[in-house]
Amino acid sequence: MSILVNKHTRVVVQGITGKEGSFHATQCKAYGTQMVAGVTPGKAGQEVEGIPVFNTVRDAVKKAQCDTSLIFVPPPFCADAILEAAEAGVKLIICITEGIPVNDMVKVKRALYGRDVRLIGPNCPGVITVDEAKIGIMPGFIHKKGVVGVVSRSGTLTYEAVHQLSTLGLGETTCVGIGGDPVNGTAFVDVLALFEKDPETQAIVMIGEIGGDAEEKAAEFIKKHVKKPVVSFIAGITAPPGRRMGHAGAIVSGGKGTAAEKMKILEAAGVRVVKNPAEIGNAVKLALGR
Amino acid sequence: MNVHEFQAKQLFGQFGIPVPRGKEILSPDAGSAWAAELNTPVFVVKAQIHAGGRGKAGGVKITKDKAAVPGLVKELIGKTLVTHQTGPKGRKVRRLLLEEGAAIAKELYVSIVVDRDSGWPVFIASTEGGMEIEEVAAHTPEKIIREAIDPAVGFQAYNGRNIAFALGLPAMEPAVVNPFIQMMGNLYRMFMDKNAAMVEINPLVITSDKKLIALDGKVAFDDSALFRHVDVQQMRDLHEEEPLEIEAGENNLNYVKLDGNIGCMVNGAGLAMATMDVIKLAGSEPANFLDVGGGATKETVAAGFRILLKDPNVKGIFINIFGGIVRCERIAHGVIEAAKEVKINVPLVVRLQGTNAEEGRKLLAESGLTLEVADDLWEAAQKIVKLTGKAA
């Protein structure tokens with residue numbers, strides 16, 4: 001068991017003939033993921049590393065039976081690409097693209113509401129179920145099959161945590177990057193619910209950062225519904241108010257969304273909060289009594 | 001991206017939102033000429049800087065005497081304003097807005113932002129105009145009105161009625177209710193059409209002759225959508241930005257200047273923030289946030305070094321790279337090459353982890369450069385703090 005993706009997941013890459021798209025499609029395939037189709041309008045008939053390219057997602061779904069989309073389309077055209085995937089019947093859409101206009105995401109999120117489709121991201125590293133499917137841009141080799149579920153708003157900081165978990169021999173089940181944008185498809189709460197139900201996942205690492213109230217919502221949910229130990233790190237305790245720290249969503253505004261406040265609320269909900277990002281792995285080890 | 005009040009008001013005007021007659025003024029002569037044309041009982045001269053609290057800092061002057069206008073312009077241009085939002089160094093005033101005064105009967109507050117949780121745009125309104133909305137929210141949360149707009153259909157008249165009745169507008173001044181509803185619709189249209197991140201009218205004034213007027217305006221734009229709006233791009237004022245941040249932007253680096261003395265260079269925004277945090281935990285303060293991105297190369301590393309070293313506060317540099325797709329030996333080559341081009345005269349700690357980390361560390365160790373190599377994040381942070389001394 002695992003969450004969201006596994007060895008049966010069939011992936012279409014939107015924007016597969018671009019530089020990023022072709023590189024990462026190749027990497028995902030090498031990891032063992034079923035990369036069954038690509039889409040670039042006007043390039044049907046071509047192949048990328050043996051992956052057939054189609055003009056539309058609709059064609060890809062019909063001819064290659066893909067159920068999941070991985071998107072590398074440039075920001076101005078990304079809303080269109082997400083909606084195309086949803087309309088074509090893809091059930092899971094993982095959007096890597098950074099820099100999509102917020103108001104585009106406002107419309108996309110509204111259009112996806114009530115549909116049988118999940119969007120992960122945008123502006124995220126993707127999802128990996130260790131030794132089964134890597135659908136994203138994370139380095140596969142740092143992951144080890146194990147017992148910890150990881151969910152994060154960040155990319156490289158997630159790799160840092162994963163590296164610690166792997167080095168300590170704890171390993172991971174599935175790692176989910178929900179992305180650093182203010183309006184995204186999947187929240188911490190959604191992923192926490194999935195990890196809580198997954199029998200293989202014994203502990204959860206949640207990596208948050210300044211801005212918004214996704215961590216506060218997560219704390220409320222954990223208090224009520226999560227029995228498994230949760231370890232959390234919140235980046236940005238040193239971030240000054242009013243400044244955007246790289247991610248479009250990482251900003252403390254009007255005194256809201258500070259790291260200190262998030263840590264306090266998570267701790268009150270029973271989460272083991274670490275102040276030092278180098279201590280994430282050890283905290284999980286302790287929580288699991290190993 | 002932020003713009004000046006006078007630019008925000010120009011946009012309001014384009015979207016049918018009433019604003020005082022006003023104009024950007026750069027000199028006393030221009031002030032004198034525009035004052036003559038305005039020909040109004042009250043003249044208001046307002047310093048244009050990207051920070052709030054201008055009134056309290058002496059950046060807003062009011063006069064009934066037309067002849068006094070050039071003198072006020074002269075007084076404000078070149079003045080440095082220190083407000084609670086500028087920091088202790090303050091901000092130099094280079095541009096002014098000269099406009100007609102309004103006879104204020106009542107001040108309201110209204111703004112639009114995107115609610116991150118629902119992903120819907122939401123109006124925030126209050127009868128407490130002229131105050132900072134964060135203060136109102138903290139002390140009298142019952143005076144904050146929220147109205148979410150369904151983005152599938154956009155602003156509807158009922159949204160406007162909901163806000164108007166919640167504010168008690170019909171009792172306050174029935175003549176402004178319909179214009180108010182129309183104005184809210186226009187404000188929503190501007191917010192969506194121009195890809196604003198935030199629009200705020202504070203105060204929105206009801207005048208003694210029963211008119212609505214946006215007396216102050218603040219608009220921030222979504223940087224990711226600027227490619228769609230050439231007119232907005234042209235409103236950018238580089239004087240309002242940190243020079244090192246401008247240079248970083250030109251090199252596709254994401255940089256925010258801070259006040260500490262350990263410069264950091266990191267790949268990825270989350271890890272960059274975590275690196276700042278770990279520097280603080282180790283007993284010092286970060287000089288900056290710097291994300292060199294997923295595709296860090298020799299060029300980006302060199303540009304990063306140049307920017308970090310231009311900050312006179314920087315007493316040491318901490319490079320923290322978690323190689324994923326970026327390979328550490330490439331970063332190591334980048335550091336070595338960049339160090340040849342840029343003279344690095346402060347202690348340097350390089351922490352490499354991930355793809356080909358060992359190879360990268362070996363290259364650095366054998367490069368002959370004066371630097372410390374580390375593989376663990378906490379160890380690296382302690383090293384750089386030890387080399388530069390703890391913060392006072």
# chains A, B, ... in the order shown; residues from 1 in each chain; ligands from 1

$ interface_residues --of "chain A" --to "chain B" --cutoff "8 Å" --atoms "only C-alpha atoms" --output "ChimeraX atom specification"
/A:99-103,105-107,109-111,137-139,142,153-157,159-160,163,182-184,209,212-214,235-240,243,245-247,254-255,276-278

$ select_by_dssp --residues "stretch 152-208 of chain A" --states "alpha helix (DSSP H)" --output "list in words"
Thr156, Leu157, Thr158, Tyr159, Glu160, Ala161, Val162, His163, Gln164, Leu165, Ser166, Thr167, Phe188, Val189, Asp190, Val191, Leu192, Ala193, Leu194, Phe195, Glu196 and Lys197 of chain A

$ write_last_selection --atoms "C-alpha atoms" --output "PDB file, in the first residue's frame"
ATOM      1  CA  THR A 156      14.764  20.689  -1.827  1.00  0.00           C
ATOM      2  CA  LEU A 157      13.825  20.952   1.849  1.00  0.00           C
ATOM      3  CA  THR A 158      11.805  17.768   1.336  1.00  0.00           C
ATOM      4  CA  TYR A 159      14.874  16.074  -0.139  1.00  0.00           C
ATOM      5  CA  GLU A 160      16.753  17.121   2.993  1.00  0.00           C
ATOM      6  CA  ALA A 161      14.147  15.422   5.204  1.00  0.00           C
ATOM      7  CA  VAL A 162      13.968  12.338   2.992  1.00  0.00           C
ATOM      8  CA  HIS A 163      17.737  12.027   3.037  1.00  0.00           C
ATOM      9  CA  GLN A 164      17.680  12.013   6.838  1.00  0.00           C
ATOM     10  CA  LEU A 165      14.917   9.402   6.940  1.00  0.00           C
ATOM     11  CA  SER A 166      16.732   7.165   4.473  1.00  0.00           C
ATOM     12  CA  THR A 167      20.106   7.531   6.209  1.00  0.00           C
ATOM     13  CA  PHE A 188      -1.914  19.242   3.922  1.00  0.00           C
ATOM     14  CA  VAL A 189      -5.214  18.019   5.360  1.00  0.00           C
ATOM     15  CA  ASP A 190      -6.031  15.951   2.253  1.00  0.00           C
ATOM     16  CA  VAL A 191      -2.681  14.192   2.316  1.00  0.00           C
ATOM     17  CA  LEU A 192      -2.721  13.683   6.101  1.00  0.00           C
ATOM     18  CA  ALA A 193      -6.082  11.900   5.751  1.00  0.00           C
ATOM     19  CA  LEU A 194      -4.612   9.572   3.126  1.00  0.00           C
ATOM     20  CA  PHE A 195      -1.516   8.780   5.223  1.00  0.00           C
ATOM     21  CA  GLU A 196      -3.649   8.118   8.308  1.00  0.00           C
ATOM     22  CA  LYS A 197      -5.572   5.469   6.357  1.00  0.00           C
TER      23      LYS A 197
END

$ residues_around --residues "stretch 96-107 of chain B" --least-positions-apart "6" --cutoff "9 Å" --atoms "only C-alpha atoms" --output "PyMOL selection string"
chain B and resi 5-6+20-27+31+34-35+38-49+62+69+73+76-77+127-130+172+202-210+213+215

$ write_last_selection --atoms "N, CA and C atoms" --output "CSV table (one decimal), in the first residue's frame"
chain,number,residue,atom,x,y,z
B,5,GLU,N,0.5,55.3,-5.1
B,5,GLU,CA,-0.9,55.7,-4.9
B,5,GLU,C,-1.4,56.4,-6.2
B,6,PHE,N,-0.6,57.3,-6.8
B,6,PHE,CA,-1.1,58.0,-8.0
B,6,PHE,C,-1.4,57.0,-9.1
B,20,PRO,N,-10.2,61.5,-6.4
B,20,PRO,CA,-10.0,63.0,-6.5
B,20,PRO,C,-9.2,63.4,-7.8
B,21,ARG,N,-9.5,64.6,-8.3
B,21,ARG,CA,-8.7,65.0,-9.4
B,21,ARG,C,-7.2,65.2,-8.9
B,22,GLY,N,-6.3,64.6,-9.6
B,22,GLY,CA,-4.9,64.7,-9.1
B,22,GLY,C,-3.9,64.4,-10.1
B,23,LYS,N,-2.6,64.7,-9.9
B,23,LYS,CA,-1.6,64.5,-10.8
B,23,LYS,C,-0.2,64.2,-10.1
B,24,GLU,N,0.6,63.4,-10.8
B,24,GLU,CA,2.0,63.2,-10.3
B,24,GLU,C,2.7,64.5,-10.5
B,25,ILE,N,3.5,65.0,-9.4
B,25,ILE,CA,4.2,66.2,-9.5
B,25,ILE,C,5.7,65.9,-9.1
B,26,LEU,N,6.6,66.5,-9.9
B,26,LEU,CA,8.0,66.3,-9.6
B,26,LEU,C,8.8,67.6,-9.2
B,27,SER,N,8.1,68.7,-9.4
B,27,SER,CA,8.8,70.0,-9.1
B,27,SER,C,7.9,71.0,-8.6
B,31,GLY,N,4.0,71.9,-9.6
B,31,GLY,CA,3.0,72.0,-8.6
B,31,GLY,C,2.2,73.2,-8.7
B,34,TRP,N,-0.2,72.9,-11.8
B,34,TRP,CA,-1.4,72.0,-11.6
B,34,TRP,C,-2.3,72.6,-10.5
B,35,ALA,N,-1.8,73.3,-9.5
B,35,ALA,CA,-2.6,73.9,-8.5
B,35,ALA,C,-3.5,74.9,-9.1
B,38,LEU,N,-6.2,73.0,-11.0
B,38,LEU,CA,-7.1,72.3,-10.1
B,38,LEU,C,-8.2,73.3,-9.5
B,39,ASN,N,-7.7,74.5,-9.1
B,39,ASN,CA,-8.6,75.5,-8.6
B,39,ASN,C,-9.7,75.0,-7.7
B,40,THR,N,-9.2,74.5,-6.5
B,40,THR,CA,-10.1,73.9,-5.5
B,40,THR,C,-9.9,74.5,-4.2
B,41,PRO,N,-10.9,74.4,-3.3
B,41,PRO,CA,-10.7,75.0,-2.0
B,41,PRO,C,-9.6,74.4,-1.1
B,42,VAL,N,-9.3,73.1,-1.3
B,42,VAL,CA,-8.3,72.5,-0.5
B,42,VAL,C,-7.3,71.7,-1.4
B,43,PHE,N,-6.0,71.9,-1.2
B,43,PHE,CA,-5.0,71.2,-1.9
B,43,PHE,C,-4.3,70.2,-1.0
B,44,VAL,N,-4.1,69.0,-1.5
B,44,VAL,CA,-3.4,68.0,-0.8
B,44,VAL,C,-2.1,67.5,-1.5
B,45,VAL,N,-1.0,67.6,-0.8
B,45,VAL,CA,0.3,67.2,-1.4
B,45,VAL,C,0.7,65.9,-0.7
B,46,LYS,N,0.9,64.8,-1.4
B,46,LYS,CA,1.1,63.5,-0.8
B,46,LYS,C,2.4,62.9,-1.3
B,47,ALA,N,3.3,62.6,-0.4
B,47,ALA,CA,4.6,61.9,-0.8
B,47,ALA,C,4.2,60.5,-1.4
B,48,GLN,N,4.9,60.1,-2.5
B,48,GLN,CA,4.7,58.8,-3.1
B,48,GLN,C,5.8,57.9,-2.8
B,49,ILE,N,5.6,57.0,-1.8
B,49,ILE,CA,6.6,56.0,-1.6
B,49,ILE,C,5.9,54.7,-1.4
B,62,ILE,N,-1.5,69.5,3.7
B,62,ILE,CA,-2.8,70.1,3.3
B,62,ILE,C,-2.8,71.6,3.4
B,69,VAL,N,1.4,76.0,-2.3
B,69,VAL,CA,1.7,74.6,-2.9
B,69,VAL,C,3.1,74.4,-3.3
B,73,VAL,N,5.7,71.4,-2.0
B,73,VAL,CA,6.3,70.5,-3.0
B,73,VAL,C,7.8,70.5,-2.7
B,76,LEU,N,8.8,68.6,0.5
B,76,LEU,CA,8.6,67.2,0.5
B,76,LEU,C,9.6,66.4,-0.5
B,77,ILE,N,9.8,67.0,-1.6
B,77,ILE,CA,10.7,66.3,-2.6
B,77,ILE,C,12.1,66.2,-2.0
B,127,THR,N,-16.5,49.5,8.5
B,127,THR,CA,-16.9,50.9,8.7
B,127,THR,C,-15.7,51.7,9.3
B,128,GLU,N,-14.7,51.0,9.7
B,128,GLU,CA,-13.5,51.7,10.3
B,128,GLU,C,-12.5,52.2,9.3
B,129,GLY,N,-12.9,53.0,8.4
B,129,GLY,CA,-12.0,53.5,7.4
B,129,GLY,C,-10.9,54.4,8.0
B,130,GLY,N,-9.8,54.4,7.3
B,130,GLY,CA,-8.7,55.3,7.7
B,130,GLY,C,-7.8,54.7,8.8
B,172,MET,N,-26.7,55.0,6.9
B,172,MET,CA,-25.6,56.0,6.9
B,172,MET,C,-25.9,57.1,5.8
B,202,ASN,N,-8.5,52.7,1.2
B,202,ASN,CA,-8.6,53.1,2.6
B,202,ASN,C,-8.0,54.5,2.9
B,203,PRO,N,-8.9,55.4,3.1
B,203,PRO,CA,-10.3,55.3,3.2
B,203,PRO,C,-11.1,55.4,1.9
B,204,LEU,N,-12.2,54.8,1.9
B,204,LEU,CA,-13.2,55.0,0.8
B,204,LEU,C,-14.2,56.0,1.5
B,205,VAL,N,-14.3,57.2,0.9
B,205,VAL,CA,-15.0,58.3,1.6
B,205,VAL,C,-16.4,58.6,1.1
B,206,ILE,N,-17.3,58.8,2.0
B,206,ILE,CA,-18.6,59.4,1.7
B,206,ILE,C,-18.4,60.9,1.9
B,207,THR,N,-18.6,61.8,0.9
B,207,THR,CA,-18.4,63.2,1.1
B,207,THR,C,-19.6,63.9,1.6
B,208,SER,N,-19.5,65.1,2.1
B,208,SER,CA,-20.6,65.8,2.6
B,208,SER,C,-21.7,66.1,1.5
B,209,ASP,N,-21.3,66.0,0.3
B,209,ASP,CA,-22.3,66.2,-0.8
B,209,ASP,C,-22.7,64.8,-1.3
B,210,LYS,N,-22.6,63.8,-0.5
B,210,LYS,CA,-23.1,62.4,-0.7
B,210,LYS,C,-22.5,61.7,-1.9
B,213,ILE,N,-15.9,58.4,-2.9
B,213,ILE,CA,-14.6,58.7,-3.6
B,213,ILE,C,-13.4,57.9,-2.9
B,215,LEU,N,-10.2,57.9,-1.6
B,215,LEU,CA,-9.3,58.9,-1.2
B,215,LEU,C,-7.8,58.5,-1.1

$ residues_around --residues "B:Ala67" --least-positions-apart "4" --cutoff "10 Å" --atoms "only C-alpha atoms" --output "NGL selection string"
:B and (31-32 or 35-36 or 63 or 71-72)

$ closest_residue --among "B:Val82, B:Val60, B:Val314, B:Val335" --to "B:Pro347" --atoms "only C-alpha atoms"
B:Val314

$ select_by_dssp --residues "stretch 103-278 of chain B" --states "strand (DSSP E or B)" --output "PyMOL selection string"
chain B and resi 104-114+121-126+145-148+196-207+212-214+217-221+254-257+262-266

$ write_last_selection --atoms "C-alpha atoms" --output "PDB file, in the first residue's frame"
ATOM      1  CA  ILE B 104     -15.253  63.905   4.444  1.00  0.00           C
ATOM      2  CA  ALA B 105     -18.512  62.845   6.077  1.00  0.00           C
ATOM      3  CA  LYS B 106     -17.631  59.187   6.673  1.00  0.00           C
ATOM      4  CA  GLU B 107     -14.632  56.916   6.058  1.00  0.00           C
ATOM      5  CA  LEU B 108     -14.949  53.241   5.056  1.00  0.00           C
ATOM      6  CA  TYR B 109     -12.507  50.480   4.245  1.00  0.00           C
ATOM      7  CA  VAL B 110     -12.648  48.025   1.363  1.00  0.00           C
ATOM      8  CA  SER B 111     -10.151  45.636  -0.199  1.00  0.00           C
ATOM      9  CA  ILE B 112      -9.967  42.431  -2.256  1.00  0.00           C
ATOM     10  CA  VAL B 113      -7.491  39.567  -1.861  1.00  0.00           C
ATOM     11  CA  VAL B 114      -7.592  35.886  -2.766  1.00  0.00           C
ATOM     12  CA  PRO B 121     -11.437  36.252  -4.183  1.00  0.00           C
ATOM     13  CA  VAL B 122     -12.830  37.867  -1.060  1.00  0.00           C
ATOM     14  CA  PHE B 123     -13.880  41.421  -0.253  1.00  0.00           C
ATOM     15  CA  ILE B 124     -12.906  42.724   3.142  1.00  0.00           C
ATOM     16  CA  ALA B 125     -14.873  45.761   4.245  1.00  0.00           C
ATOM     17  CA  SER B 126     -15.261  47.778   7.407  1.00  0.00           C
ATOM     18  CA  ILE B 145     -17.042  42.106   6.860  1.00  0.00           C
ATOM     19  CA  ARG B 146     -16.049  39.378   4.432  1.00  0.00           C
ATOM     20  CA  GLU B 147     -17.787  38.602   1.150  1.00  0.00           C
ATOM     21  CA  ALA B 148     -16.387  35.821  -1.046  1.00  0.00           C
ATOM     22  CA  ALA B 196      -3.905  42.184  -8.907  1.00  0.00           C
ATOM     23  CA  ALA B 197      -2.732  40.400  -5.782  1.00  0.00           C
ATOM     24  CA  MET B 198      -4.436  42.991  -3.606  1.00  0.00           C
ATOM     25  CA  VAL B 199      -6.481  46.142  -4.124  1.00  0.00           C
ATOM     26  CA  GLU B 200      -7.289  48.369  -1.188  1.00  0.00           C
ATOM     27  CA  ILE B 201      -9.223  51.603  -0.801  1.00  0.00           C
ATOM     28  CA  ASN B 202      -8.574  53.068   2.607  1.00  0.00           C
ATOM     29  CA  PRO B 203     -10.330  55.294   3.200  1.00  0.00           C
ATOM     30  CA  LEU B 204     -13.245  55.050   0.844  1.00  0.00           C
ATOM     31  CA  VAL B 205     -14.964  58.305   1.638  1.00  0.00           C
ATOM     32  CA  ILE B 206     -18.578  59.445   1.665  1.00  0.00           C
ATOM     33  CA  THR B 207     -18.355  63.205   1.099  1.00  0.00           C
ATOM     34  CA  LEU B 212     -18.246  58.159  -2.906  1.00  0.00           C
ATOM     35  CA  ILE B 213     -14.581  58.732  -3.560  1.00  0.00           C
ATOM     36  CA  ALA B 214     -11.434  56.604  -3.248  1.00  0.00           C
ATOM     37  CA  GLY B 217      -5.483  53.520  -2.952  1.00  0.00           C
ATOM     38  CA  LYS B 218      -3.050  50.671  -2.791  1.00  0.00           C
ATOM     39  CA  VAL B 219      -2.591  48.013  -5.441  1.00  0.00           C
ATOM     40  CA  ALA B 220      -0.149  45.109  -5.545  1.00  0.00           C
ATOM     41  CA  PHE B 221       0.179  42.972  -8.659  1.00  0.00           C
ATOM     42  CA  ASN B 254      15.609  35.117  -5.940  1.00  0.00           C
ATOM     43  CA  TYR B 255      17.181  37.363  -3.314  1.00  0.00           C
ATOM     44  CA  VAL B 256      15.856  39.186  -0.270  1.00  0.00           C
ATOM     45  CA  LYS B 257      18.224  41.370   1.733  1.00  0.00           C
ATOM     46  CA  ILE B 262      26.083  35.448   7.128  1.00  0.00           C
ATOM     47  CA  GLY B 263      25.387  35.443   3.418  1.00  0.00           C
ATOM     48  CA  CYS B 264      23.690  32.296   2.211  1.00  0.00           C
ATOM     49  CA  MET B 265      23.322  30.729  -1.191  1.00  0.00           C
ATOM     50  CA  VAL B 266      20.915  27.802  -1.442  1.00  0.00           C
TER      51      VAL B 266
END

$ residues_around --residues "A:Gly18" --least-positions-apart "3" --cutoff "12 Å" --atoms "only C-alpha atoms" --output "number ranges by chain"
A: 13-15, 21-25, 38-41, 43, 48, 53, 71-74

$ residues_around --residues "B:His84" --least-positions-apart "4" --cutoff "10 Å" --atoms "only C-alpha atoms" --output "list of chain:residue names"
B:Ala51, B:Gly52, B:Gly53, B:Arg54, B:Lys56, B:Ala57, B:Pro88, B:Gly90

$ residues_around --residues "B:Gly160" --least-positions-apart "2" --cutoff "12 Å" --atoms "only C-alpha atoms" --output "number ranges by chain"
B: 110, 122-125, 145-149, 154-158, 162-167, 169, 177-188

$ write_last_selection --atoms "N, CA and C atoms" --output "mmCIF file, in the first residue's frame"
data_model
loop_
_atom_site.group_PDB
_atom_site.id
_atom_site.type_symbol
_atom_site.label_atom_id
_atom_site.label_comp_id
_atom_site.auth_asym_id
_atom_site.auth_seq_id
_atom_site.Cartn_x
_atom_site.Cartn_y
_atom_site.Cartn_z
ATOM 1 N N VAL B 110 -12.319 49.173 2.205
ATOM 2 C CA VAL B 110 -12.648 48.025 1.363
ATOM 3 C C VAL B 110 -11.401 47.522 0.640
ATOM 4 N N VAL B 122 -11.948 37.466 -2.151
ATOM 5 C CA VAL B 122 -12.830 37.867 -1.060
ATOM 6 C C VAL B 122 -12.695 39.367 -0.796
ATOM 7 N N PHE B 123 -13.848 40.015 -0.662
ATOM 8 C CA PHE B 123 -13.880 41.421 -0.253
ATOM 9 C C PHE B 123 -13.729 41.482 1.260
ATOM 10 N N ILE B 124 -12.962 42.439 1.713
ATOM 11 C CA ILE B 124 -12.906 42.724 3.142
ATOM 12 C C ILE B 124 -13.350 44.174 3.281
ATOM 13 N N ALA B 125 -14.351 44.398 4.109
ATOM 14 C CA ALA B 125 -14.873 45.761 4.245
ATOM 15 C C ALA B 125 -15.082 46.072 5.717
ATOM 16 N N ILE B 145 -16.044 42.785 7.696
ATOM 17 C CA ILE B 145 -17.042 42.106 6.860
ATOM 18 C C ILE B 145 -16.312 41.393 5.732
ATOM 19 N N ARG B 146 -16.670 40.130 5.529
ATOM 20 C CA ARG B 146 -16.049 39.378 4.432
ATOM 21 C C ARG B 146 -17.125 38.921 3.461
ATOM 22 N N GLU B 147 -16.846 39.073 2.170
ATOM 23 C CA GLU B 147 -17.787 38.602 1.150
ATOM 24 C C GLU B 147 -16.987 37.912 0.045
ATOM 25 N N ALA B 148 -17.120 36.586 -0.034
ATOM 26 C CA ALA B 148 -16.387 35.821 -1.046
ATOM 27 C C ALA B 148 -17.130 35.866 -2.371
ATOM 28 N N ILE B 149 -16.368 35.916 -3.454
ATOM 29 C CA ILE B 149 -16.965 36.003 -4.789
ATOM 30 C C ILE B 149 -16.693 34.701 -5.534
ATOM 31 N N GLY B 154 -18.229 35.393 -11.161
ATOM 32 C CA GLY B 154 -17.762 36.747 -10.888
ATOM 33 C C GLY B 154 -18.707 37.506 -9.970
ATOM 34 N N PHE B 155 -18.424 38.788 -9.799
ATOM 35 C CA PHE B 155 -19.188 39.637 -8.883
ATOM 36 C C PHE B 155 -20.647 39.759 -9.326
ATOM 37 N N GLN B 156 -21.567 39.576 -8.388
ATOM 38 C CA GLN B 156 -22.992 39.765 -8.653
ATOM 39 C C GLN B 156 -23.494 40.909 -7.767
ATOM 40 N N ALA B 157 -24.610 41.488 -8.182
ATOM 41 C CA ALA B 157 -25.147 42.627 -7.420
ATOM 42 C C ALA B 157 -25.428 42.233 -5.973
ATOM 43 N N TYR B 158 -25.834 40.964 -5.765
ATOM 44 C CA TYR B 158 -26.143 40.577 -4.381
ATOM 45 C C TYR B 158 -24.903 40.636 -3.496
ATOM 46 N N ASN B 162 -24.901 42.580 -0.096
ATOM 47 C CA ASN B 162 -24.462 41.975 1.169
ATOM 48 C C ASN B 162 -23.485 42.886 1.903
ATOM 49 N N ILE B 163 -22.522 43.429 1.148
ATOM 50 C CA ILE B 163 -21.521 44.292 1.787
ATOM 51 C C ILE B 163 -22.176 45.592 2.249
ATOM 52 N N ALA B 164 -22.982 46.187 1.368
ATOM 53 C CA ALA B 164 -23.597 47.490 1.669
ATOM 54 C C ALA B 164 -24.473 47.412 2.920
ATOM 55 N N PHE B 165 -25.296 46.341 3.017
ATOM 56 C CA PHE B 165 -26.175 46.230 4.193
ATOM 57 C C PHE B 165 -25.385 45.904 5.453
ATOM 58 N N ALA B 166 -24.372 45.048 5.293
ATOM 59 C CA ALA B 166 -23.563 44.712 6.469
ATOM 60 C C ALA B 166 -22.840 45.945 7.013
ATOM 61 N N LEU B 167 -22.472 46.849 6.120
ATOM 62 C CA LEU B 167 -21.811 48.089 6.560
ATOM 63 C C LEU B 167 -22.814 49.068 7.160
ATOM 64 N N LEU B 169 -24.831 50.889 5.220
ATOM 65 C CA LEU B 169 -24.824 52.047 4.321
ATOM 66 C C LEU B 169 -26.186 52.715 4.159
ATOM 67 N N VAL B 177 -25.821 54.053 -1.797
ATOM 68 C CA VAL B 177 -25.909 52.585 -1.819
ATOM 69 C C VAL B 177 -25.710 52.021 -3.223
ATOM 70 N N ASN B 178 -26.475 52.505 -4.178
ATOM 71 C CA ASN B 178 -26.324 51.968 -5.532
ATOM 72 C C ASN B 178 -24.962 52.273 -6.157
ATOM 73 N N PRO B 179 -24.474 53.506 -6.031
ATOM 74 C CA PRO B 179 -23.108 53.755 -6.538
ATOM 75 C C PRO B 179 -22.068 52.845 -5.869
ATOM 76 N N PHE B 180 -22.281 52.537 -4.601
ATOM 77 C CA PHE B 180 -21.342 51.673 -3.884
ATOM 78 C C PHE B 180 -21.330 50.266 -4.496
ATOM 79 N N ILE B 181 -22.522 49.730 -4.742
ATOM 80 C CA ILE B 181 -22.614 48.378 -5.299
ATOM 81 C C ILE B 181 -21.925 48.332 -6.664
ATOM 82 N N GLN B 182 -22.173 49.377 -7.461
ATOM 83 C CA GLN B 182 -21.547 49.450 -8.775
ATOM 84 C C GLN B 182 -20.017 49.551 -8.647
ATOM 85 N N MET B 183 -19.578 50.333 -7.669
ATOM 86 C CA MET B 183 -18.148 50.527 -7.460
ATOM 87 C C MET B 183 -17.480 49.209 -7.062
ATOM 88 N N MET B 184 -18.140 48.416 -6.230
ATOM 89 C CA MET B 184 -17.558 47.141 -5.813
ATOM 90 C C MET B 184 -17.399 46.214 -7.024
ATOM 91 N N GLY B 185 -18.393 46.251 -7.909
ATOM 92 C CA GLY B 185 -18.311 45.455 -9.144
ATOM 93 C C GLY B 185 -17.121 45.883 -9.989
ATOM 94 N N ASN B 186 -16.924 47.200 -10.084
ATOM 95 C CA ASN B 186 -15.793 47.719 -10.860
ATOM 96 C C ASN B 186 -14.458 47.328 -10.230
ATOM 97 N N LEU B 187 -14.431 47.352 -8.906
ATOM 98 C CA LEU B 187 -13.194 47.012 -8.204
ATOM 99 C C LEU B 187 -12.846 45.532 -8.437
ATOM 100 N N TYR B 188 -13.866 44.679 -8.416
ATOM 101 C CA TYR B 188 -13.650 43.259 -8.675
ATOM 102 C C TYR B 188 -13.124 43.052 -10.099
#

$ closest_residue --among "A:Gly270, A:Gly32, A:Pro76, A:Gly257" --to "A:His225" --atoms "only C-alpha atoms"
A:Gly270

$ closest_residue --among "A:Asp198, A:Glu216, A:Glu84, A:Glu279" --to "A:Asp59" --atoms "only C-alpha atoms"
A:Glu84

$ closest_residue --among "A:Ile178, A:Val57, A:Ala218, A:Val150" --to "A:Ile280" --atoms "only C-alpha atoms"
A:Val150

$ closest_residue --among "A:Gln27, A:Glu267, A:Val11, A:Lys19" --to "A:Ala64" --atoms "only C-alpha atoms"
A:Val11
